[in-house]
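S.K.: Next up is a structure, given as structure tokens.
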Amino acid sequence: MTTTLPATGFRRRPLTALAKAEWLQFRRNKTLVYMATVFPVGIPLITFFIARKDTEPTAVMAAVTIEMLALLALLFVQYYSVLSMVTTRRSEGVLKRLRTGEAADWQIQLAPAVPGAIMTFACTALVAAVVYGTGTPAPVNPVAIVVALVGGTVLFTLLALATSAHTKNAEAAQITSLPVMVIAMLGMSSIRGVLPDRLAQAADWTPFAAVSDLIFLGTAGELPTAVESDAALSFADTVTESGRPFATLALWTVLALVLTRRSFRWDDRG
């Protein structure tokens, strides 16, 4: 009599093994570890403590701090690390060999995203503990912040996989990643605030703008474009206002998924 393993356990096992292997490789790369800890944690916290000097911390300060953390983590930890790792694995023939094993295609693609996701949420927890430990008003809607970070992690992982199709090697990633990084930076609240009206309206629909708006709604109860005299929204009102940024995030995620499915390459061409 033979024993059959449960289907769910069989499917999870390759992903777990691949994720552990990617995490080990990530930890051994001192440059990636440095970029994944010092920049996403150090720069936002330095900015926060400079802003709160001689004044009480406000919800807007917290929103700007977490927004900066999200930008650095999603671009330089999640997006760039996945792009460089996938491109390197492909050029070395690793991706092609992995497809001959038990792992499904989506598991092979997902595994390189695990280290960045772990570091992103670990850094977020650390920064949030410091910011709110100084007496900053509690977030209005923590769910919106979580949605922004989870959705942003998924989106920028897919964008990295799509970009890898046009990246010959790890060195070329420095060039092919620039368009995504520039578009993402245009979505920062501080940059949208100084753009001409038409450009600012276009920037509102960029991927990181959706993440930024959700973070501001969840942290400060207002959008980055709100004037100082506007009162903070209630939890229920932030849920309503989250509709457009959430839809924007979902739209970009679907688009990135379609691009990945159509263009992702498992092996270098000639």
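Labels used: A, B, ... for chains in the order of the structure tokens, numbers from 1 for residues in each chain, and numbers from 1 for ligands as shown.
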Run DSSP on the backbone of this structure and report the residues of region 11-225 of chain A it assigns to helix (DSSP H, G or I), as a PyMOL selection string.

M.R.: chain A and resi 11-28+30-51+59-91+94-98+105-110+113-133+142-164+173-176+178-186+189-192+197-203+207-220

S.K.: Skip Met35 (chain A) itself and residues of its chain fewer than 4 positions away, then list as a PyMOL selection string all residues within 7 Å of it, counting only C-alpha atoms.

M.R.: chain A and resi 31+39+77

S.K.: Go through region 53-124 of chain A and flag each residue having an atom no more than 7 Å from region 150-159 of chain A; for those, report the closest pair of atoms plus their distance in Å to one decimal, using only C-alpha atoms, ordered by chain and rising number, as a Markdown table.

M.R.:
| residue | atom | partner | partner_atom | distance |
| --- | --- | --- | --- | --- |
| A:Leu74 | CA | A:Thr153 | CA | 6.3 |
| A:Gln78 | CA | A:Thr157 | CA | 6.4 |
| A:Tyr79 | CA | A:Phe156 | CA | 5.2 |
| A:Val82 | CA | A:Thr157 | CA | 6.6 |
| A:Ala113 | CA | A:Thr157 | CA | 6.4 |
| A:Ala117 | CA | A:Thr153 | CA | 6.6 |

S.K.: Please list as a ChimeraX atom specification every residue within 7 Å of region 243-255 of chain A, counting only C-alpha atoms and excluding residues in the same chain fewer than 6 positions away.

M.R.: /A:151,155,205,207,210,213-214

S.K.: Take the residues just selected and output them with N, CA, C and O atoms as a tab-separated table (two decimals), in the first residue's frame.

M.R.:
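Here's the written file selection.tsv:
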chain	number	residue	atom	x	y	z
A	151	GLY	N	0.61	45.45	-1.06
A	151	GLY	CA	0.34	45.67	-2.48
A	151	GLY	C	1.57	46.20	-3.21
A	151	GLY	O	1.86	45.78	-4.33
A	155	LEU	N	3.47	44.44	-6.32
A	155	LEU	CA	3.60	45.20	-7.57
A	155	LEU	C	5.05	45.34	-8.00
A	155	LEU	O	5.39	45.07	-9.17
A	205	TRP	N	-1.38	58.94	-10.79
A	205	TRP	CA	-1.72	57.60	-11.28
A	205	TRP	C	-0.50	56.69	-11.41
A	205	TRP	O	-0.60	55.61	-11.98
A	207	PRO	N	2.59	54.19	-9.96
A	207	PRO	CA	2.50	53.10	-8.96
A	207	PRO	C	2.76	53.54	-7.53
A	207	PRO	O	1.98	53.23	-6.63
A	210	ALA	N	0.05	55.64	-5.55
A	210	ALA	CA	-1.01	54.88	-4.88
A	210	ALA	C	-0.55	54.41	-3.51
A	210	ALA	O	-1.31	54.49	-2.53
A	213	ASP	N	-0.44	57.54	-1.19
A	213	ASP	CA	-1.77	58.00	-0.76
A	213	ASP	C	-2.35	57.09	0.32
A	213	ASP	O	-2.94	57.57	1.30
A	214	LEU	N	-2.18	55.78	0.17
A	214	LEU	CA	-2.68	54.86	1.18
A	214	LEU	C	-1.95	55.04	2.51
A	214	LEU	O	-2.56	54.96	3.58

S.K.: Pick from A:Ala209, A:Ser164, A:Phe26, A:Arg52: nearest to Ile183 (chain A), with only C-alpha atoms counted?

M.R.: A:Ala209

S.K.: Please identify all polymer residues within 12 Å of Thr167 (chain A), counting only C-alpha atoms, omitting same-chain residues fewer than 5 positions from it, and present them as a ChimeraX atom specification.

M.R.: /A:80,83-88,90-91,160-162,172-178,263-265,267-269

S.K.: CA of Gly135 (chain A) and CA of Leu217 (chain A), how far apart in Å?

M.R.: 19.1 Å

S.K.: Between A:Leu186, A:Val146, A:Leu71, A:Leu24, which one has atoms that come closest to Pro115 (chain A), using only C-alpha atoms?

M.R.: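 Answer, going by the shortest atom-to-atom distance: A:Leu24.
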
S.K.: Hey, could you make a per-residue contact list for region 55-86 of chain A against region 118-125 of chain A with 12 Å as the cut-off, showing the nearest pair of atoms and its distance in Å to one decimal, counting only C-alpha atoms, sorted by chain and number, as CSV?

M.R.:
residue,atom,partner,partner_atom,distance
A:Ala62,CA,A:Thr124,CA,11.8
A:Thr65,CA,A:Thr124,CA,10.2
A:Ile66,CA,A:Thr124,CA,7.6
A:Glu67,CA,A:Thr124,CA,10.3
A:Met68,CA,A:Thr124,CA,10.7
A:Leu69,CA,A:Thr124,CA,7.2
A:Ala70,CA,A:Thr120,CA,7.9
A:Leu71,CA,A:Thr120,CA,10.3
A:Leu72,CA,A:Thr120,CA,9.2
A:Ala73,CA,A:Thr120,CA,5.6
A:Leu74,CA,A:Thr120,CA,7.4
A:Leu75,CA,A:Thr120,CA,10.4
A:Phe76,CA,A:Thr120,CA,10.2
A:Val77,CA,A:Thr120,CA,7.2
A:Gln78,CA,A:Thr120,CA,7.6
A:Tyr79,CA,A:Thr120,CA,11.1
A:Ser81,CA,A:Met119,CA,11.4

S.K.: What does the distance between CA of Thr225 (chain A) and CA of Val64 (chain A) come to in Å, to one decimal place?

M.R.: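 Spanning CA of Thr225 (chain A) to CA of Val64 (chain A) is a straight-line distance of 12.7 Å.
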
S.K.: Give the answer as one residue: which of A:Ala51, A:Val140, A:Thr100, A:Thr163 has the shortest atom-to-atom distance to Ser234 (chain A), using only C-alpha atoms?

M.R.: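 Smallest separation from Ser234 (chain A) among the options: A:Val140.
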